$ cat my_file_34.cif   # mmCIF, C-alpha atoms
data_work
#
loop_
_atom_site.label_atom_id
_atom_site.label_comp_id
_atom_site.auth_asym_id
_atom_site.auth_seq_id
_atom_site.Cartn_x
_atom_site.Cartn_y
_atom_site.Cartn_z
CA MET A 1 12.53 -29.27 -42.53
CA ARG A 2 11.74 -27.71 -39.16
CA SER A 3 14.31 -27.47 -36.44
CA LEU A 4 13.68 -29.21 -33.15
CA GLY A 5 14.43 -26.03 -31.17
CA HIS A 6 11.94 -23.45 -29.95
CA ALA A 7 9.39 -22.38 -32.51
CA HIS A 8 9.27 -18.65 -33.19
CA LYS A 9 6.09 -17.09 -31.90
CA GLY A 10 4.77 -13.65 -32.61
CA ARG A 11 4.76 -10.80 -30.14
CA GLY A 12 2.61 -11.45 -27.07
CA GLN A 13 1.93 -15.07 -27.93
CA GLY A 14 2.96 -17.87 -25.63
CA LYS A 15 4.44 -15.63 -22.95
CA MET A 16 3.74 -16.68 -19.40
CA ALA A 17 4.02 -14.54 -16.31
CA ALA A 18 7.12 -15.10 -14.23
CA PRO A 19 6.45 -17.54 -11.38
CA VAL A 20 6.08 -15.85 -8.02
CA LYS A 21 8.59 -17.04 -5.48
CA ASP A 22 7.00 -18.48 -2.33
CA ARG A 23 3.44 -18.24 -3.61
CA GLU A 24 2.14 -20.43 -0.78
CA ALA A 25 3.83 -18.27 1.85
CA LEU A 26 2.30 -15.12 0.36
CA GLN A 27 -1.12 -16.76 0.32
CA ARG A 28 -0.69 -17.71 3.99
CA LEU A 29 0.29 -14.13 4.91
CA ASN A 30 -2.74 -12.83 3.02
CA PHE A 31 -5.02 -15.30 4.79
CA LEU A 32 -3.67 -14.32 8.22
CA PHE A 33 -4.24 -10.62 7.47
CA GLN A 34 -7.80 -11.20 6.24
CA ALA A 35 -8.61 -13.44 9.22
CA ALA A 36 -7.28 -10.80 11.64
CA HIS A 37 -9.38 -8.14 9.93
CA TRP A 38 -12.48 -10.34 10.13
CA CYS A 39 -12.13 -11.31 13.80
CA LEU A 40 -11.16 -7.82 15.11
CA PRO A 41 -14.68 -6.90 16.33
CA LEU A 42 -15.26 -10.40 17.77
CA CYS A 43 -11.96 -11.03 19.55
CA PRO A 44 -9.21 -8.35 19.44
CA GLY A 45 -6.73 -10.67 21.20
CA LEU A 46 -7.05 -13.28 18.46
CA SER A 47 -6.64 -10.58 15.85
CA ARG A 48 -3.37 -9.41 17.45
CA PHE A 49 -2.15 -13.03 17.63
CA LEU A 50 -2.83 -13.56 13.92
CA LEU A 51 -1.06 -10.33 12.97
CA ARG A 52 1.92 -11.17 15.18
CA THR A 53 2.08 -14.59 13.51
CA GLN A 54 1.92 -12.95 10.07
CA ARG A 55 4.73 -10.56 10.92
CA ALA A 56 6.93 -13.33 12.36
CA ALA A 57 6.35 -15.55 9.30
CA ALA A 58 7.23 -12.70 6.93
CA ARG A 59 10.45 -12.05 8.84
CA ARG A 60 11.38 -15.73 9.03
CA LEU A 61 10.83 -16.24 5.29
CA VAL A 62 12.43 -12.87 4.43
CA LEU A 63 9.37 -11.66 2.52
CA ARG A 64 8.40 -8.04 2.09
CA MET A 65 4.89 -7.13 3.10
CA ALA A 66 3.01 -4.64 0.97
CA PRO A 67 3.17 -1.03 2.25
CA SER A 68 -0.63 -0.93 2.55
CA VAL A 69 -0.49 -3.94 4.90
CA LYS A 70 2.37 -2.48 6.95
CA ARG A 71 0.45 0.77 7.42
CA ARG A 72 -2.48 -1.12 8.95
CA LEU A 73 -0.35 -2.68 11.74
CA CYS A 74 0.74 -1.06 14.98
CA ARG A 75 4.48 -1.49 15.27
CA GLY A 76 4.31 -1.67 19.05
CA CYS A 77 1.60 -4.21 19.85
CA CYS A 78 0.73 -5.72 16.40
CA SER A 79 -2.91 -4.65 16.62
CA LEU A 80 -4.90 -3.69 13.54
CA GLN A 81 -5.04 0.06 12.91
CA ALA A 82 -8.66 0.46 11.83
CA PRO A 83 -9.78 4.04 12.58
CA GLY A 84 -12.45 3.96 15.27
CA GLU A 85 -11.78 0.35 16.28
CA GLY A 86 -8.06 0.09 16.96
CA SER A 87 -6.79 3.62 16.43
CA SER A 88 -7.75 7.27 16.33
CA ALA A 89 -7.04 9.37 13.25
CA ARG A 90 -6.28 13.09 13.09
CA LEU A 91 -5.09 15.50 10.45
CA ARG A 92 -2.21 17.71 11.55
CA GLY A 93 -0.10 20.34 9.84
CA ARG A 94 -0.85 23.36 7.74
CA GLY A 95 1.65 23.42 4.88
CA GLN A 96 2.06 19.71 4.27
CA PRO A 97 -0.78 17.95 6.13
CA ARG A 98 -0.09 14.67 7.90
CA LEU A 99 -2.42 11.90 8.99
CA VAL A 100 -1.63 10.89 12.59
CA LEU A 101 -2.81 7.42 13.64
CA ARG A 102 -2.59 6.69 17.38
CA CYS A 103 -3.02 3.12 18.63
CA LEU A 104 -5.73 2.88 21.30
CA ARG A 105 -4.06 -0.12 22.94
CA CYS A 106 -0.42 0.94 23.39
CA GLY A 107 -0.58 4.66 22.53
CA ARG A 108 2.04 4.53 19.80
CA GLY A 109 1.55 7.10 17.04
CA ARG A 110 2.45 7.04 13.37
CA ARG A 111 2.48 9.92 10.90
CA PHE A 112 1.80 9.64 7.18
CA LEU A 113 2.13 12.47 4.67
CA CYS A 114 -1.02 13.33 2.78
CA PRO A 115 -0.26 14.01 -0.88
CA PRO A 116 -1.53 17.37 -2.12
CA ARG A 117 -4.51 17.40 -4.44
CA PRO A 118 -3.61 17.98 -8.07
CA ARG A 119 -4.48 21.49 -9.14
CA PRO A 120 -6.27 22.13 -12.42
CA PRO A 121 -4.10 23.78 -15.07
CA ARG A 122 -4.20 27.56 -15.24
CA PRO A 123 -5.98 29.14 -18.20
CA ARG A 124 -3.56 30.50 -20.76
CA PRO A 125 -3.52 34.26 -21.28
CA PRO A 126 -4.86 35.47 -24.64
CA ALA A 127 -2.30 35.68 -27.44
CA GLN A 128 -0.71 39.10 -27.88
CA ASP A 129 0.87 40.74 -30.89
CA THR A 130 4.65 40.31 -31.00
CA PRO A 131 7.07 42.96 -32.25
CA THR A 132 7.64 40.95 -35.45
CA GLY A 133 3.97 40.73 -36.32
CA PRO A 134 0.62 39.37 -35.16
CA ALA A 135 0.43 36.17 -33.11
CA PRO A 136 -0.01 32.98 -35.17
CA ALA A 137 -3.51 31.57 -35.28
CA LEU A 138 -4.01 28.25 -33.57
#

$ encode --input "my_file_34.cif" --output "structure tokens"
Amino acid sequence: MRSLGHAHKGRGQGKMAAPVKDREALQRLNFLFQAAHWCLPLCPGLSRFLLRTQRAAARRLVLRMAPSVKRRLCRGCCSLQAPGEGSSARLRGRGQPRLVLRCLRCGRGRRFLCPPRPRPPRPRPPAQDTPTGPAPAL
């Protein structure tokens, strides 16, 4: 006789992803960002309005915006930081290079560290004889 409780399922079967809190709010924020990106060349004022609305909605609902989205916004005037359209980009620094984005509307600058490129591994030196005998063959 089977119990009326939950049936045992194998690994990976029947598992659902956790529901995302405020899915509709996140979809609205995403729509506002995409609409601002689309209308930037047509009407920069409308683009700034949409981004300001997105930022205010995220604060009101206490939602975290993705870092990639936050990097694309000017913190001073809420304009879109697209290099060549809304900002200028420069590389500064010798040891640890930084990307400097300067807003063309309000002049506010932001610096982002550029991660160093991964270096290929060094070739290993040839095996040498040790005092206890020859090196083991690999």

$ residues_near_point --input "my_file_34.cif" --point "(-10.2, -4.8, 9.9)" --cutoff "9 Å" --atoms "only C-alpha atoms" --output "list in words"
Phe33, Gln34, Ala35, Ala36, His37, Trp38, Cys39, Leu40, Pro41, Arg72, Leu80, Gln81, Ala82, Glu85 and Gly86 of chain A

$ closest_residue --input "my_file_34.cif" --among "A:Glu24, A:Arg55, A:Gly84, A:Gly109" --to "Lys70 in chain A" --atoms "all atoms listed in the file"
A:Arg55

$ axis_aligned_box --input "my_file_34.cif" --around "range 35-40 of chain A" --padding-each-side "4 Å" --output "lines of an AutoDock Vina configuration file"
center_x = -9.9
center_y = -10.6
center_z = 12.2
size_x = 13.2
size_y = 13.6
size_z = 13.9

$ resolve_selection --input "my_file_34.cif" --expression "the PyMOL selection byres ((chain A and resi 95) around 12)" --output "ChimeraX atom specification"
/A:91-94,96-98,113-116

$ write_last_selection --input "my_file_34.cif" --atoms "C-alpha atoms" --output "short mmCIF file (atom, residue, chain, number, x, y, z; two decimals), in the coordinates of the input"
data_model
loop_
_atom_site.label_atom_id
_atom_site.label_comp_id
_atom_site.auth_asym_id
_atom_site.auth_seq_id
_atom_site.Cartn_x
_atom_site.Cartn_y
_atom_site.Cartn_z
CA LEU A 91 -5.09 15.50 10.45
CA ARG A 92 -2.21 17.71 11.55
CA GLY A 93 -0.10 20.34 9.84
CA ARG A 94 -0.85 23.36 7.74
CA GLN A 96 2.06 19.71 4.27
CA PRO A 97 -0.78 17.95 6.13
CA ARG A 98 -0.09 14.67 7.90
CA LEU A 113 2.13 12.47 4.67
CA CYS A 114 -1.02 13.33 2.78
CA PRO A 115 -0.26 14.01 -0.88
CA PRO A 116 -1.53 17.37 -2.12
#

$ closest_residue --input "my_file_34.cif" --among "A:Val62, A:Leu104, A:Ala89, A:Leu73" --to "Asp22 in chain A" --atoms "all atoms listed in the file"
A:Val62

$ atom_distance --input "my_file_34.cif" --atom1 "CA of Gly76 in chain A" --atom2 "CA of Leu61 in chain A"
21.1 Å

$ residues_around --input "my_file_34.cif" --residues "Ala57 in chain A" --least-positions-apart "5" --cutoff "9 Å" --atoms "only C-alpha atoms" --output "PDB file with C-alpha atoms, keeping the file's coordinate frame"
ATOM      1  CA  ALA A  25       3.830 -18.270   1.850  1.00  0.00           C
ATOM      2  CA  LEU A  29       0.290 -14.130   4.910  1.00  0.00           C
ATOM      3  CA  ARG A  52       1.920 -11.170  15.180  1.00  0.00           C
ATOM      4  CA  VAL A  62      12.430 -12.870   4.430  1.00  0.00           C
ATOM      5  CA  LEU A  63       9.370 -11.660   2.520  1.00  0.00           C
TER       6      LEU A  63
END

$ decode --input "my_file_34.cif" --residues "range 87-99 of chain A" --atoms "all heavy atoms" --output "short mmCIF file (atom, residue, chain, number, x, y, z; two decimals), in the first residue's frame"
data_model
loop_
_atom_site.label_atom_id
_atom_site.label_comp_id
_atom_site.auth_asym_id
_atom_site.auth_seq_id
_atom_site.Cartn_x
_atom_site.Cartn_y
_atom_site.Cartn_z
N SER A 87 29.26 58.79 -23.93
CA SER A 87 30.46 58.91 -23.10
C SER A 87 31.70 58.73 -23.96
O SER A 87 31.64 58.23 -25.08
CB SER A 87 30.45 57.85 -21.99
OG SER A 87 30.60 56.57 -22.55
N SER A 88 32.82 59.16 -23.40
CA SER A 88 34.11 58.90 -24.04
C SER A 88 34.86 57.89 -23.19
O SER A 88 34.72 57.88 -21.96
CB SER A 88 34.92 60.19 -24.15
OG SER A 88 35.22 60.69 -22.86
N ALA A 89 35.62 57.04 -23.82
CA ALA A 89 36.34 55.97 -23.12
C ALA A 89 37.83 56.14 -23.34
O ALA A 89 38.28 56.40 -24.46
CB ALA A 89 35.88 54.61 -23.61
N ARG A 90 38.60 55.98 -22.26
CA ARG A 90 40.06 56.03 -22.33
C ARG A 90 40.64 54.96 -21.43
O ARG A 90 40.05 54.60 -20.42
CB ARG A 90 40.58 57.39 -21.87
CG ARG A 90 40.25 58.50 -22.80
CD ARG A 90 40.87 59.76 -22.32
NE ARG A 90 40.70 60.77 -23.35
CZ ARG A 90 41.51 61.79 -23.50
NH1 ARG A 90 42.53 61.96 -22.70
NH2 ARG A 90 41.30 62.66 -24.45
N LEU A 91 41.83 54.50 -21.80
CA LEU A 91 42.57 53.57 -20.96
C LEU A 91 43.66 54.36 -20.26
O LEU A 91 44.45 55.05 -20.91
CB LEU A 91 43.18 52.44 -21.78
CG LEU A 91 42.25 51.31 -22.14
CD1 LEU A 91 42.96 50.31 -23.03
CD2 LEU A 91 41.75 50.61 -20.90
N ARG A 92 43.72 54.26 -18.94
CA ARG A 92 44.71 54.96 -18.15
C ARG A 92 45.42 53.98 -17.24
O ARG A 92 44.86 52.97 -16.84
CB ARG A 92 44.06 56.05 -17.29
CG ARG A 92 43.43 57.15 -18.07
CD ARG A 92 44.48 58.04 -18.61
NE ARG A 92 43.86 59.18 -19.28
CZ ARG A 92 44.45 59.90 -20.18
NH1 ARG A 92 45.68 59.62 -20.53
NH2 ARG A 92 43.85 60.90 -20.74
N GLY A 93 46.66 54.33 -16.88
CA GLY A 93 47.40 53.52 -15.92
C GLY A 93 48.37 52.58 -16.61
O GLY A 93 48.12 52.09 -17.69
N ARG A 94 49.49 52.38 -15.94
CA ARG A 94 50.52 51.50 -16.52
C ARG A 94 50.50 50.14 -15.85
O ARG A 94 50.39 49.12 -16.51
CB ARG A 94 51.89 52.14 -16.35
CG ARG A 94 52.05 53.36 -17.21
CD ARG A 94 53.46 53.88 -17.15
NE ARG A 94 53.56 55.08 -17.94
CZ ARG A 94 54.29 56.11 -17.62
NH1 ARG A 94 55.00 56.10 -16.51
NH2 ARG A 94 54.34 57.16 -18.40
N GLY A 95 50.62 50.11 -14.52
CA GLY A 95 50.68 48.82 -13.83
C GLY A 95 49.37 48.07 -13.92
O GLY A 95 49.28 47.01 -14.50
N GLN A 96 48.34 48.66 -13.34
CA GLN A 96 47.00 48.08 -13.39
C GLN A 96 46.14 49.03 -14.23
O GLN A 96 45.70 50.05 -13.74
CB GLN A 96 46.43 47.95 -11.98
CG GLN A 96 45.05 47.36 -11.91
CD GLN A 96 45.03 45.88 -12.21
OE1 GLN A 96 45.98 45.18 -11.95
NE2 GLN A 96 43.95 45.41 -12.76
N PRO A 97 45.91 48.72 -15.50
CA PRO A 97 45.18 49.67 -16.36
C PRO A 97 43.72 49.82 -15.93
O PRO A 97 43.12 48.90 -15.39
CB PRO A 97 45.29 49.05 -17.76
CG PRO A 97 45.62 47.64 -17.53
CD PRO A 97 46.32 47.53 -16.23
N ARG A 98 43.20 51.02 -16.15
CA ARG A 98 41.82 51.34 -15.81
C ARG A 98 41.12 51.91 -17.03
O ARG A 98 41.70 52.65 -17.81
CB ARG A 98 41.78 52.37 -14.69
CG ARG A 98 42.32 51.87 -13.38
CD ARG A 98 42.38 52.96 -12.34
NE ARG A 98 43.19 54.10 -12.71
CZ ARG A 98 44.51 54.17 -12.59
NH1 ARG A 98 45.17 53.14 -12.12
NH2 ARG A 98 45.16 55.25 -12.94
N LEU A 99 39.86 51.57 -17.18
CA LEU A 99 39.02 52.15 -18.21
C LEU A 99 38.31 53.34 -17.59
O LEU A 99 37.64 53.21 -16.56
CB LEU A 99 37.99 51.12 -18.70
CG LEU A 99 36.95 51.63 -19.68
CD1 LEU A 99 37.60 51.98 -21.02
CD2 LEU A 99 35.87 50.61 -19.87
#
